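Q: Supplied structure: entry.cif, mmCIF, C-alpha atoms and all ligand atoms.
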```cif
data_protein
loop_
_atom_site.label_atom_id
_atom_site.label_comp_id
_atom_site.auth_asym_id
_atom_site.auth_seq_id
_atom_site.Cartn_x
_atom_site.Cartn_y
_atom_site.Cartn_z
CA MET A 1 0.00 0.00 0.00
CA THR A 2 1.25 3.49 -0.82
CA ALA A 3 0.81 6.27 1.70
CA PRO A 4 -1.76 8.94 0.82
CA PRO A 5 -0.21 12.11 -0.66
CA PRO A 6 0.57 14.82 1.90
CA SER A 7 -2.39 17.11 2.32
CA VAL A 8 -1.09 20.62 1.82
CA ARG A 9 -3.24 23.56 2.98
CA ASP A 10 -6.25 24.04 0.68
CA ASP A 11 -5.30 27.66 -0.01
CA LEU A 12 -1.84 26.62 -1.27
CA LYS A 13 -2.96 23.77 -3.50
CA ASN A 14 -2.96 25.63 -6.82
CA LEU A 15 0.24 27.60 -6.21
CA HIS A 16 3.56 27.01 -7.97
CA PRO A 17 6.90 27.58 -6.23
CA TYR A 18 8.23 31.08 -6.97
CA GLY A 19 11.45 31.46 -8.86
CA ALA A 20 13.11 32.58 -12.04
CA PRO A 21 14.68 29.74 -14.04
CA GLN A 22 18.27 29.17 -12.83
CA LEU A 23 19.75 28.13 -16.17
CA ASP A 24 23.43 27.71 -16.88
CA VAL A 25 23.88 30.09 -19.80
CA PRO A 26 26.74 32.47 -20.68
CA VAL A 27 24.83 35.73 -20.06
CA ARG A 28 22.42 35.72 -17.10
CA LEU A 29 20.36 38.90 -16.98
CA ASN A 30 17.21 37.67 -15.26
CA THR A 31 17.46 38.20 -11.48
CA ASN A 32 18.81 41.74 -11.10
CA GLU A 33 22.06 40.68 -9.48
CA ASN A 34 25.09 42.96 -9.52
CA PRO A 35 27.33 41.39 -12.19
CA TYR A 36 30.55 42.38 -10.43
CA PRO A 37 31.77 39.79 -7.90
CA PRO A 38 33.42 40.90 -4.65
CA SER A 39 36.99 42.17 -5.09
CA PRO A 40 39.89 40.04 -3.81
CA ARG A 41 40.24 42.43 -0.83
CA LEU A 42 36.58 42.12 0.10
CA ARG A 43 36.72 38.35 -0.32
CA ARG A 44 39.64 38.25 2.10
CA ALA A 45 37.78 40.42 4.62
CA VAL A 46 34.75 38.12 4.38
CA ALA A 47 36.90 35.00 4.75
CA ASP A 48 38.64 36.45 7.84
CA ALA A 49 35.29 37.38 9.39
CA VAL A 50 33.94 33.89 8.76
CA ALA A 51 37.07 32.32 10.28
CA GLN A 52 36.51 34.38 13.43
CA ALA A 53 32.84 33.45 13.58
CA ALA A 54 33.81 29.78 13.11
CA ALA A 55 35.64 29.83 16.44
CA ASN A 56 32.28 30.32 18.20
CA LEU A 57 29.98 28.16 16.11
CA ASN A 58 29.20 26.00 19.14
CA ARG A 59 27.23 29.01 20.44
CA TYR A 60 23.99 30.47 19.11
CA PRO A 61 24.37 33.81 17.31
CA ASP A 62 23.40 37.18 18.78
CA ARG A 63 19.64 36.78 18.53
CA ASP A 64 19.13 40.52 18.10
CA ALA A 65 22.06 41.08 15.70
CA VAL A 66 22.90 44.24 17.64
CA GLU A 67 26.27 45.03 16.03
CA LEU A 68 25.03 44.39 12.50
CA ARG A 69 21.98 46.59 13.04
CA LYS A 70 24.25 49.40 14.25
CA ASP A 71 26.41 49.06 11.14
CA LEU A 72 23.33 49.08 8.89
CA ALA A 73 22.00 52.21 10.65
CA ASP A 74 25.35 53.94 10.09
CA TYR A 75 25.21 52.99 6.42
CA LEU A 76 21.67 54.39 6.04
CA GLY A 77 22.40 57.70 7.84
CA HIS A 78 19.34 59.97 8.38
CA GLY A 79 20.12 59.94 12.12
CA LEU A 80 19.01 56.30 12.44
CA THR A 81 20.31 54.03 15.22
CA GLY A 82 20.45 50.25 15.59
CA GLY A 83 17.11 50.49 17.39
CA HIS A 84 15.49 51.71 14.16
CA VAL A 85 16.84 48.83 12.09
CA TRP A 86 15.95 45.16 11.77
CA ALA A 87 17.71 42.49 9.68
CA ALA A 88 16.83 39.03 8.37
CA ASN A 89 17.71 36.51 5.66
CA GLY A 90 16.96 38.72 2.67
CA SER A 91 14.37 41.46 2.50
CA ASN A 92 11.82 38.82 1.52
CA GLU A 93 12.11 37.45 5.06
CA VAL A 94 11.83 40.98 6.46
CA ILE A 95 8.61 41.45 4.47
CA GLN A 96 7.33 38.06 5.61
CA GLN A 97 7.92 39.05 9.24
CA LEU A 98 6.08 42.35 8.66
CA LEU A 99 3.09 40.44 7.28
CA GLN A 100 3.23 37.90 10.10
CA ALA A 101 3.21 40.66 12.70
CA PHE A 102 0.85 43.16 11.08
CA GLY A 103 -1.12 41.14 8.52
CA GLY A 104 -2.69 37.71 8.93
CA PRO A 105 -6.28 36.40 8.88
CA CYS A 106 -8.99 39.05 8.55
CA ARG A 107 -6.42 41.65 7.49
CA GLN A 108 -5.44 42.93 4.06
CA ALA A 109 -2.36 44.21 2.29
CA LEU A 110 -2.57 46.47 -0.76
CA GLY A 111 -0.05 46.75 -3.60
CA PHE A 112 0.12 48.80 -6.82
CA GLU A 113 0.52 46.47 -9.80
CA PRO A 114 2.39 45.60 -11.89
CA SER A 115 4.91 45.12 -9.12
CA TYR A 116 7.01 42.54 -7.31
CA SER A 117 5.15 39.24 -7.44
CA MET A 118 6.59 38.03 -4.12
CA HIS A 119 4.47 40.57 -2.23
CA PRO A 120 1.09 38.91 -2.97
CA LEU A 121 2.72 35.50 -2.54
CA ILE A 122 4.00 36.34 0.95
CA ALA A 123 0.56 37.75 1.73
CA ARG A 124 -0.91 34.42 0.65
CA VAL A 125 1.29 32.24 2.84
CA THR A 126 0.67 34.49 5.85
CA CYS A 127 -3.12 34.29 5.23
CA THR A 128 -3.26 38.03 4.56
CA GLY A 129 -5.84 39.23 2.01
CA TRP A 130 -4.43 40.92 -1.10
CA VAL A 131 -5.84 44.03 -2.76
CA ALA A 132 -4.36 44.84 -6.18
CA ALA A 133 -4.55 48.55 -7.00
CA ALA A 134 -3.47 49.75 -10.44
CA ARG A 135 -0.54 51.87 -11.51
CA GLU A 136 -1.02 54.52 -14.20
CA PRO A 137 -0.38 53.57 -17.89
CA ASP A 138 3.20 54.94 -17.57
CA PHE A 139 3.65 52.71 -14.45
CA GLY A 140 3.75 55.76 -12.15
CA LEU A 141 1.27 56.66 -9.43
CA ASP A 142 -1.10 59.60 -9.23
CA PRO A 143 -1.15 60.85 -5.61
CA GLU A 144 -4.92 61.36 -5.46
CA ARG A 145 -5.86 58.10 -7.14
CA ALA A 146 -3.31 56.12 -5.08
CA ALA A 147 -4.53 57.70 -1.83
CA GLY A 148 -8.12 57.04 -2.91
CA ALA A 149 -7.41 53.34 -3.43
CA VAL A 150 -5.80 53.16 0.00
CA ARG A 151 -8.68 55.01 1.66
CA GLN A 152 -11.24 52.73 0.04
CA ALA A 153 -9.55 49.45 1.01
CA ALA A 154 -8.23 50.66 4.38
CA PRO A 155 -5.63 47.85 4.43
CA ALA A 156 -3.49 46.87 7.41
CA LEU A 157 -0.45 47.31 5.16
CA VAL A 158 0.37 49.10 1.94
CA LEU A 159 3.32 47.60 0.04
CA LEU A 160 4.88 50.12 -2.32
CA THR A 161 7.97 49.19 -4.34
CA SER A 162 10.19 52.14 -5.27
CA PRO A 163 12.03 51.96 -7.60
CA ASN A 164 9.40 49.48 -8.73
CA ASN A 165 10.17 45.98 -9.96
CA PRO A 166 9.65 45.08 -12.84
CA THR A 167 9.07 48.57 -14.26
CA GLY A 168 11.99 50.52 -12.73
CA THR A 169 9.69 53.41 -11.76
CA ALA A 170 10.63 55.52 -8.72
CA THR A 171 7.83 57.04 -6.64
CA PRO A 172 8.10 60.76 -5.77
CA LEU A 173 7.97 61.61 -2.06
CA ALA A 174 4.74 63.57 -2.57
CA VAL A 175 2.99 60.34 -3.59
CA ILE A 176 4.38 58.43 -0.61
CA GLU A 177 3.21 61.27 1.66
CA ALA A 178 -0.28 61.13 0.16
CA ILE A 179 -0.39 57.38 0.73
CA CYS A 180 0.88 57.72 4.32
CA ASP A 181 -1.79 60.36 5.02
CA ALA A 182 -4.50 58.03 3.69
CA ALA A 183 -3.30 54.74 5.21
CA PRO A 184 -4.84 53.53 8.47
CA GLY A 185 -2.02 51.00 8.98
CA LEU A 186 1.57 50.43 7.91
CA VAL A 187 3.10 51.80 4.73
CA VAL A 188 6.02 49.62 3.65
CA VAL A 189 8.26 51.07 0.94
CA ASP A 190 10.38 48.31 -0.62
CA GLU A 191 13.56 50.12 -1.68
CA ALA A 192 15.53 47.09 -2.88
CA TYR A 193 16.93 49.19 -5.74
CA ALA A 194 17.33 52.56 -3.98
CA GLU A 195 21.08 52.82 -4.62
CA PHE A 196 20.50 52.73 -8.39
CA ALA A 197 18.07 55.66 -8.49
CA ARG A 198 19.01 58.62 -10.64
CA GLU A 199 20.52 61.72 -9.00
CA GLY A 200 17.98 63.70 -7.00
CA THR A 201 15.57 60.80 -6.33
CA PRO A 202 15.00 60.99 -2.57
CA SER A 203 14.54 57.93 -0.36
CA ALA A 204 11.49 57.36 1.83
CA LEU A 205 14.02 57.19 4.71
CA SER A 206 13.72 60.99 4.81
CA LEU A 207 10.03 60.64 5.79
CA LEU A 208 10.54 58.22 8.72
CA ARG A 209 10.59 60.94 11.35
CA ARG A 210 7.23 62.32 10.20
CA TYR A 211 5.38 59.02 9.74
CA PRO A 212 5.69 56.59 12.68
CA ARG A 213 3.93 53.81 10.71
CA LEU A 214 6.25 54.04 7.71
CA VAL A 215 8.71 51.18 7.09
CA VAL A 216 11.51 51.23 4.50
CA THR A 217 13.00 47.88 3.46
CA ARG A 218 16.39 47.47 1.81
CA THR A 219 18.61 44.57 0.76
CA MET A 220 22.28 43.69 0.32
CA SER A 221 21.31 41.50 -2.68
CA LYS A 222 21.40 44.14 -5.40
CA ALA A 223 23.71 47.19 -5.31
CA PHE A 224 25.76 45.60 -2.52
CA ALA A 225 26.51 42.58 -4.73
CA MET A 226 25.81 40.13 -1.87
CA ALA A 227 22.77 38.19 -3.14
CA GLY A 228 24.41 34.94 -2.04
CA ALA A 229 24.77 36.11 1.56
CA ARG A 230 21.00 36.59 2.08
CA VAL A 231 20.81 39.81 4.06
CA GLY A 232 17.86 42.19 3.99
CA TYR A 233 16.87 44.86 6.47
CA LEU A 234 14.42 47.61 7.28
CA ALA A 235 14.30 50.98 9.00
CA ALA A 236 11.27 52.02 11.05
CA ALA A 237 10.24 53.38 14.44
CA PRO A 238 11.67 51.28 17.29
CA GLU A 239 8.11 50.27 18.40
CA MET A 240 7.62 48.61 15.04
CA ILE A 241 10.75 46.55 15.51
CA GLU A 242 9.60 45.38 18.91
CA ALA A 243 6.54 43.88 17.20
CA LEU A 244 8.80 41.97 14.80
CA LEU A 245 10.56 40.32 17.75
CA LEU A 246 7.24 38.56 18.43
CA VAL A 247 7.29 36.67 15.13
CA ARG A 248 10.94 36.15 14.24
CA LEU A 249 12.32 32.70 14.90
CA PRO A 250 14.96 32.73 17.64
CA TYR A 251 18.49 32.94 16.15
CA HIS A 252 17.10 33.41 12.64
CA LEU A 253 20.24 35.17 11.38
CA SER A 254 23.31 32.91 11.63
CA SER A 255 26.59 34.16 13.08
CA VAL A 256 28.18 33.46 9.69
CA THR A 257 25.62 35.66 7.93
CA GLN A 258 26.06 38.44 10.48
CA ALA A 259 29.86 38.29 10.13
CA VAL A 260 29.71 38.33 6.32
CA ALA A 261 27.31 41.26 6.28
CA ARG A 262 29.44 43.29 8.67
CA ALA A 263 32.58 42.65 6.64
CA ALA A 264 30.77 43.72 3.46
CA LEU A 265 29.50 46.88 5.17
CA ALA A 266 33.02 47.75 6.31
CA TRP A 267 34.03 47.67 2.63
CA ALA A 268 30.76 49.12 1.30
CA ALA A 269 32.55 51.64 -0.89
CA GLU A 270 33.87 48.83 -3.12
CA PRO A 271 30.63 47.19 -4.30
CA LEU A 272 28.90 50.57 -4.34
CA ALA A 273 31.56 51.90 -6.70
CA THR A 274 30.02 49.65 -9.38
CA VAL A 275 26.69 51.48 -9.12
CA ALA A 276 27.77 54.47 -11.22
CA ALA A 277 28.92 52.19 -14.05
CA LEU A 278 25.66 50.20 -13.91
CA ARG A 279 23.56 53.39 -14.00
CA ALA A 280 25.45 54.65 -17.06
CA GLU A 281 25.07 51.26 -18.76
CA ARG A 282 21.32 51.32 -17.95
CA ASP A 283 20.78 54.79 -19.41
CA ALA A 284 22.69 53.80 -22.55
CA LEU A 285 20.55 50.68 -22.86
CA VAL A 286 17.29 52.66 -22.62
CA SER A 287 18.54 55.01 -25.38
CA TRP A 288 19.63 52.08 -27.55
CA LEU A 289 16.26 50.31 -27.21
CA ARG A 290 14.33 53.48 -28.04
CA ALA A 291 16.58 54.23 -31.00
CA ARG A 292 15.58 50.83 -32.36
CA GLY A 293 11.92 51.80 -32.13
CA LEU A 294 11.23 49.69 -29.04
CA ALA A 295 9.50 50.87 -25.90
CA ALA A 296 11.64 51.07 -22.75
CA ALA A 297 10.27 52.20 -19.40
CA ASP A 298 12.24 54.92 -17.58
CA SER A 299 14.34 53.10 -15.00
CA ASP A 300 15.77 54.07 -11.61
CA ALA A 301 16.89 50.48 -11.00
CA ASN A 302 19.49 48.06 -12.43
CA PHE A 303 17.10 46.63 -15.02
CA VAL A 304 14.98 47.83 -17.91
CA LEU A 305 11.48 46.77 -18.92
CA PHE A 306 11.25 46.74 -22.71
CA GLY A 307 8.80 45.70 -25.41
CA LYS A 308 6.26 45.52 -26.64
CA PHE A 309 6.21 42.20 -28.40
CA GLY A 310 3.24 40.35 -29.87
CA ASP A 311 5.01 37.13 -28.92
CA ARG A 312 7.21 37.95 -25.95
CA HIS A 313 7.82 34.31 -25.15
CA GLY A 314 9.21 33.84 -28.67
CA VAL A 315 11.60 36.77 -28.18
CA TRP A 316 12.61 35.42 -24.75
CA GLN A 317 13.31 31.99 -26.30
CA ARG A 318 15.30 33.40 -29.24
CA LEU A 319 17.46 35.38 -26.79
CA LEU A 320 18.00 32.23 -24.75
CA ASP A 321 18.93 30.31 -27.92
CA ARG A 322 21.71 32.90 -28.29
CA GLY A 323 22.92 32.40 -24.71
CA VAL A 324 21.17 35.41 -23.13
CA LEU A 325 18.67 34.81 -20.33
CA VAL A 326 16.22 37.66 -19.55
CA ARG A 327 13.03 37.59 -17.49
CA GLU A 328 9.57 36.98 -18.88
CA VAL A 329 7.73 39.14 -16.39
CA GLY A 330 5.56 42.23 -16.21
CA PRO A 331 2.55 43.29 -18.26
CA PRO A 332 1.81 41.27 -21.42
CA GLY A 333 4.24 42.06 -24.24
CA TRP A 334 7.11 43.26 -22.05
CA LEU A 335 10.39 41.63 -21.01
CA ARG A 336 12.81 42.66 -18.27
CA VAL A 337 16.57 42.70 -18.70
CA THR A 338 19.05 43.18 -15.86
CA VAL A 339 21.91 45.60 -16.50
CA GLY A 340 25.19 43.66 -16.58
CA THR A 341 28.79 44.39 -17.53
CA PRO A 342 29.56 46.17 -20.82
CA GLU A 343 30.35 42.72 -22.29
CA ASP A 344 26.99 41.34 -21.09
CA MET A 345 25.16 44.27 -22.63
CA ALA A 346 26.99 43.98 -25.94
CA ALA A 347 25.95 40.31 -26.02
CA PHE A 348 22.36 41.29 -25.17
CA ARG A 349 22.18 43.97 -27.88
CA SER A 350 23.56 41.66 -30.51
CA ALA A 351 21.28 38.77 -29.50
CA LEU A 352 18.21 41.03 -29.45
CA ALA A 353 19.00 42.48 -32.88
CA GLN A 354 19.27 38.93 -34.23
CA ALA A 355 16.20 37.72 -32.37
CA LEU A 356 14.08 40.55 -33.81
CA ALA A 357 15.46 40.09 -37.32
CA ALA A 358 14.66 36.37 -37.05
CA SER A 359 11.06 37.07 -36.10
CA ILE A 360 10.16 39.15 -39.18
C1 LIG A 401 15.24 41.53 -5.39
C2 LIG A 401 14.16 42.16 -4.62
C3 LIG A 401 14.13 42.03 -3.25
C4 LIG A 401 15.29 41.40 -2.56
O1 LIG A 401 15.08 40.21 -2.04
P1 LIG A 401 16.17 39.58 -1.05
O2 LIG A 401 15.34 38.62 -0.31
O3 LIG A 401 16.69 40.69 -0.19
O4 LIG A 401 17.22 38.99 -1.92
C5 LIG A 401 13.14 42.67 -2.53
N1 LIG A 401 12.20 43.39 -3.15
C6 LIG A 401 12.21 43.55 -4.48
C7 LIG A 401 11.19 44.42 -5.12
C8 LIG A 401 13.18 42.92 -5.25
O5 LIG A 401 13.16 43.05 -6.58
#
```
Rewrite the structure from the file as structure tokens, please.
A:
Amino acid sequence: MTAPPPSVRDDLKNLHPYGAPQLDVPVRLNTNENPYPPSPRLRRAVADAVAQAAANLNRYPDRDAVELRKDLADYLGHGLTGGHVWAANGSNEVIQQLLQAFGGPCRQALGFEPSYSMHPLIARVTCTGWVAAAREPDFGLDPERAAGAVRQAAPALVLLTSPNNPTGTATPLAVIEAICDAAPGLVVVDEAYAEFAREGTPSALSLLRRYPRLVVTRTMSKAFAMAGARVGYLAAAPEMIEALLLVRLPYHLSSVTQAVARAALAWAAEPLATVAALRAERDALVSWLRARGLAAADSDANFVLFGKFGDRHGVWQRLLDRGVLVREVGPPGWLRVTVGTPEDMAAFRSALAQALAASI
């Protein structure tokens, strides 16, 4: 007799595991990683920090990651202290903890779509209702319409991604203020791509003092070039962080992770020096796409949404056939490409030119 299949929760039965294809191809431009690996100096600093942590691996880590949170607060500036900062295994875990503490059954979270598809998924697994509000046709937000949607739904949380994934759109502070004024609960601004924003794009961090229910999440996965280390964090009022202590698992952030993150922060200038090059490469890519008669959304991130294609899957496949992996995501007809090294982008441009010629 075979055992009956495991009976997963009814509300999860029709879901598929999240994830971009992890294919072994020469040019991987599908998960918005920083293409520049850590320098030899930074690698050595990380290795030394891990060796030190290894001497104490018989002990549990600092449950509250006090030193790391101080370092992250120093990095963020804006007068923040370790008490305003919380860290976890990637900003996805930070967002999950926010939904565990402030969402849950009988509560709702609202997002402006198209946006990051993990947000509704995390809402789902935490049994939080999801309200999808719409972005404008140019993927931006109108302050009055956005505030109206928030007022109407009165959600426990608003999740606002800025710069937005997959469109690259940054949200002006005036819009965030309008949303904060309308929201009865938390306003979470997911700033995973903040470091890539164009000059003069302010961060929601500057609003924290005025809005005690505002939360800004960040990650070391993108500009910091540490996606493999799994470190995300947030800044908020200290009372908010005390609520997160109720839901986090004890010792959730390993001593190895904490040591790696602190070493990377000590050398932050190195990975962040790649940001200027990536921004320039991004702006050149947008111009190149438009010069070819394609649409490209304005981007404040390290990726560009481009289109529109009658058969976007065909274009995606023809790029892959030429060794270039992009992401099939976003509104119908669009594709998203991560900004890589100059060599990556030359390969992308050449593959796309061929893919489009092949489709005529
Ligand atoms: C990549 C990304 C994250 C980062 O996730 P980590 O768990 O920190 O790697 C968060 N939010 C958005 C919108 C992203 O695109």
Q: Hey, which residues come within 10 Å of ligand LIG 401 (chain A) if we count all atoms listed in the file? Could you give them as a PDB file with C-alpha atoms, in the frame of the given file?
A:
```
ATOM      1  CA  THR A  31      17.460  38.200 -11.480  1.00  0.00           C
ATOM      2  CA  ASN A  32      18.810  41.740 -11.100  1.00  0.00           C
ATOM      3  CA  GLU A  33      22.060  40.680  -9.480  1.00  0.00           C
ATOM      4  CA  ALA A  88      16.830  39.030   8.370  1.00  0.00           C
ATOM      5  CA  ASN A  89      17.710  36.510   5.660  1.00  0.00           C
ATOM      6  CA  GLY A  90      16.960  38.720   2.670  1.00  0.00           C
ATOM      7  CA  SER A  91      14.370  41.460   2.500  1.00  0.00           C
ATOM      8  CA  ASN A  92      11.820  38.820   1.520  1.00  0.00           C
ATOM      9  CA  GLU A  93      12.110  37.450   5.060  1.00  0.00           C
ATOM     10  CA  VAL A  94      11.830  40.980   6.460  1.00  0.00           C
ATOM     11  CA  ILE A  95       8.610  41.450   4.470  1.00  0.00           C
ATOM     12  CA  GLN A  96       7.330  38.060   5.610  1.00  0.00           C
ATOM     13  CA  SER A 115       4.910  45.120  -9.120  1.00  0.00           C
ATOM     14  CA  TYR A 116       7.010  42.540  -7.310  1.00  0.00           C
ATOM     15  CA  SER A 117       5.150  39.240  -7.440  1.00  0.00           C
ATOM     16  CA  MET A 118       6.590  38.030  -4.120  1.00  0.00           C
ATOM     17  CA  HIS A 119       4.470  40.570  -2.230  1.00  0.00           C
ATOM     18  CA  LEU A 159       3.320  47.600   0.040  1.00  0.00           C
ATOM     19  CA  LEU A 160       4.880  50.120  -2.320  1.00  0.00           C
ATOM     20  CA  THR A 161       7.970  49.190  -4.340  1.00  0.00           C
ATOM     21  CA  SER A 162      10.190  52.140  -5.270  1.00  0.00           C
ATOM     22  CA  PRO A 163      12.030  51.960  -7.600  1.00  0.00           C
ATOM     23  CA  ASN A 164       9.400  49.480  -8.730  1.00  0.00           C
ATOM     24  CA  ASN A 165      10.170  45.980  -9.960  1.00  0.00           C
ATOM     25  CA  PRO A 166       9.650  45.080 -12.840  1.00  0.00           C
ATOM     26  CA  GLY A 168      11.990  50.520 -12.730  1.00  0.00           C
ATOM     27  CA  VAL A 189       8.260  51.070   0.940  1.00  0.00           C
ATOM     28  CA  ASP A 190      10.380  48.310  -0.620  1.00  0.00           C
ATOM     29  CA  GLU A 191      13.560  50.120  -1.680  1.00  0.00           C
ATOM     30  CA  ALA A 192      15.530  47.090  -2.880  1.00  0.00           C
ATOM     31  CA  TYR A 193      16.930  49.190  -5.740  1.00  0.00           C
ATOM     32  CA  THR A 217      13.000  47.880   3.460  1.00  0.00           C
ATOM     33  CA  ARG A 218      16.390  47.470   1.810  1.00  0.00           C
ATOM     34  CA  THR A 219      18.610  44.570   0.760  1.00  0.00           C
ATOM     35  CA  MET A 220      22.280  43.690   0.320  1.00  0.00           C
ATOM     36  CA  SER A 221      21.310  41.500  -2.680  1.00  0.00           C
ATOM     37  CA  LYS A 222      21.400  44.140  -5.400  1.00  0.00           C
ATOM     38  CA  MET A 226      25.810  40.130  -1.870  1.00  0.00           C
ATOM     39  CA  ALA A 227      22.770  38.190  -3.140  1.00  0.00           C
ATOM     40  CA  GLY A 228      24.410  34.940  -2.040  1.00  0.00           C
ATOM     41  CA  ALA A 229      24.770  36.110   1.560  1.00  0.00           C
ATOM     42  CA  ARG A 230      21.000  36.590   2.080  1.00  0.00           C
ATOM     43  CA  VAL A 231      20.810  39.810   4.060  1.00  0.00           C
ATOM     44  CA  GLY A 232      17.860  42.190   3.990  1.00  0.00           C
ATOM     45  CA  TYR A 233      16.870  44.860   6.470  1.00  0.00           C
ATOM     46  CA  ALA A 301      16.890  50.480 -11.000  1.00  0.00           C
ATOM     47  CA  ASN A 302      19.490  48.060 -12.430  1.00  0.00           C
ATOM     48  CA  PHE A 303      17.100  46.630 -15.020  1.00  0.00           C
TER      49      PHE A 303
END
```
Q: Write out as a short mmCIF file (atom, residue, chain, number, x, y, z; two decimals) with C-alpha atoms, keeping the file's coordinate frame each polymer residue whose atoms come within 10 Å of A:Leu245, counting only C-alpha atoms; drop sequence neighbours fewer than 4 positions from it.
A:
```cif
data_model
loop_
_atom_site.label_atom_id
_atom_site.label_comp_id
_atom_site.auth_asym_id
_atom_site.auth_seq_id
_atom_site.Cartn_x
_atom_site.Cartn_y
_atom_site.Cartn_z
CA ARG A 63 19.64 36.78 18.53
CA ASP A 64 19.13 40.52 18.10
CA TRP A 86 15.95 45.16 11.77
CA GLN A 97 7.92 39.05 9.24
CA ALA A 101 3.21 40.66 12.70
CA MET A 240 7.62 48.61 15.04
CA ILE A 241 10.75 46.55 15.51
CA LEU A 249 12.32 32.70 14.90
CA PRO A 250 14.96 32.73 17.64
#
```
Q: Hey, can you check how far atom CA of A:Val131 sits from atom CA of A:Pro17?
A: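 Here the two named atoms are 21.1 Å from each other.
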Q: Quick one: residues within 9 Å of stretch 78-81 of chain A, only C-alpha atoms, excluding same-chain residues fewer than 5 positions away - as a PDB file with C-alpha atoms, in the coordinates of the input?
A:
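File written: result-v7.pdb
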```
ATOM      1  CA  ARG A  69      21.980  46.590  13.040  1.00  0.00           C
ATOM      2  CA  LYS A  70      24.250  49.400  14.250  1.00  0.00           C
ATOM      3  CA  ASP A  71      26.410  49.060  11.140  1.00  0.00           C
ATOM      4  CA  LEU A  72      23.330  49.080   8.890  1.00  0.00           C
ATOM      5  CA  ALA A  73      22.000  52.210  10.650  1.00  0.00           C
ATOM      6  CA  LEU A 205      14.020  57.190   4.710  1.00  0.00           C
ATOM      7  CA  SER A 206      13.720  60.990   4.810  1.00  0.00           C
ATOM      8  CA  LEU A 208      10.540  58.220   8.720  1.00  0.00           C
ATOM      9  CA  ALA A 235      14.300  50.980   9.000  1.00  0.00           C
ATOM     10  CA  ALA A 236      11.270  52.020  11.050  1.00  0.00           C
TER      11      ALA A 236
END
```
Q: What lies within 12 Å of A:Leu285 using all atoms listed in the file, ignoring chain neighbours under 6 positions off, as a PDB file with C-alpha atoms, in the coordinates of the input?
A:
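Saved as result20.pdb:
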```pdb
ATOM      1  CA  LEU A 278      25.660  50.200 -13.910  1.00  0.00           C
ATOM      2  CA  ARG A 279      23.560  53.390 -14.000  1.00  0.00           C
ATOM      3  CA  ALA A 291      16.580  54.230 -31.000  1.00  0.00           C
ATOM      4  CA  ARG A 292      15.580  50.830 -32.360  1.00  0.00           C
ATOM      5  CA  LEU A 294      11.230  49.690 -29.040  1.00  0.00           C
ATOM      6  CA  ALA A 295       9.500  50.870 -25.900  1.00  0.00           C
ATOM      7  CA  ALA A 296      11.640  51.070 -22.750  1.00  0.00           C
ATOM      8  CA  ALA A 297      10.270  52.200 -19.400  1.00  0.00           C
ATOM      9  CA  ASP A 298      12.240  54.920 -17.580  1.00  0.00           C
ATOM     10  CA  SER A 299      14.340  53.100 -15.000  1.00  0.00           C
ATOM     11  CA  ASN A 302      19.490  48.060 -12.430  1.00  0.00           C
ATOM     12  CA  PHE A 303      17.100  46.630 -15.020  1.00  0.00           C
ATOM     13  CA  VAL A 304      14.980  47.830 -17.910  1.00  0.00           C
ATOM     14  CA  LEU A 305      11.480  46.770 -18.920  1.00  0.00           C
ATOM     15  CA  PHE A 306      11.250  46.740 -22.710  1.00  0.00           C
ATOM     16  CA  VAL A 337      16.570  42.700 -18.700  1.00  0.00           C
ATOM     17  CA  THR A 338      19.050  43.180 -15.860  1.00  0.00           C
ATOM     18  CA  VAL A 339      21.910  45.600 -16.500  1.00  0.00           C
ATOM     19  CA  GLY A 340      25.190  43.660 -16.580  1.00  0.00           C
ATOM     20  CA  THR A 341      28.790  44.390 -17.530  1.00  0.00           C
ATOM     21  CA  PRO A 342      29.560  46.170 -20.820  1.00  0.00           C
ATOM     22  CA  ASP A 344      26.990  41.340 -21.090  1.00  0.00           C
ATOM     23  CA  MET A 345      25.160  44.270 -22.630  1.00  0.00           C
ATOM     24  CA  ALA A 346      26.990  43.980 -25.940  1.00  0.00           C
ATOM     25  CA  PHE A 348      22.360  41.290 -25.170  1.00  0.00           C
ATOM     26  CA  ARG A 349      22.180  43.970 -27.880  1.00  0.00           C
ATOM     27  CA  LEU A 352      18.210  41.030 -29.450  1.00  0.00           C
TER      28      LEU A 352
END
```
Q: Between A:Ala225, A:Trp130, A:Gly111, A:Val315, single out the one closest to A:Trp267, counting only C-alpha atoms.
A: A:Ala225
Q: Distance atom CA of A:Ala123-atom CA of A:Leu68, one decimal place?
A: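 Those two atoms sit 27.5 Å apart.
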Q: Name all residues at most 6 Å from stretch 48-58 of chain A (count only C-alpha atoms; drop same-chain ones fewer than 2 positions away) and give them as a ChimeraX atom specification.
A: /A:45-46,256,259
Q: Using only C-alpha atoms, which residue out of A:Ala268, A:Ile176, A:Ala276, A:Leu110 lies closest to A:Ala197?
A: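 The shortest atom-to-atom distance to A:Ala197 comes from A:Ala276.
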Q: Nearest to A:Ala355: which of A:Ala204, A:Leu319, A:Val275, A:Val8 is it, counting all atoms listed in the file?
A: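 Closest to A:Ala355 of all the choices is A:Leu319.
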Q: Pick from A:Val215, A:Ala266, A:Ile122, A:Leu23: nearest to A:Leu320, with only C-alpha atoms counted?
A: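 So, comparing all the options, the nearest one is A:Leu23.
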Q: Hey, which of A:Leu15, A:Arg59, A:Leu244, A:Pro37 ends up closest to A:Ala87? Count only C-alpha atoms.
A: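 Of A:Leu15, A:Arg59, A:Leu244, A:Pro37, the one nearest A:Ala87, counting only C-alpha atoms, is A:Leu244.
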Q: Could you state the separation of atom CA of A:Ala223 and atom CA of A:Ala47 in Å, given to one decimal place?
A: 20.6 Å
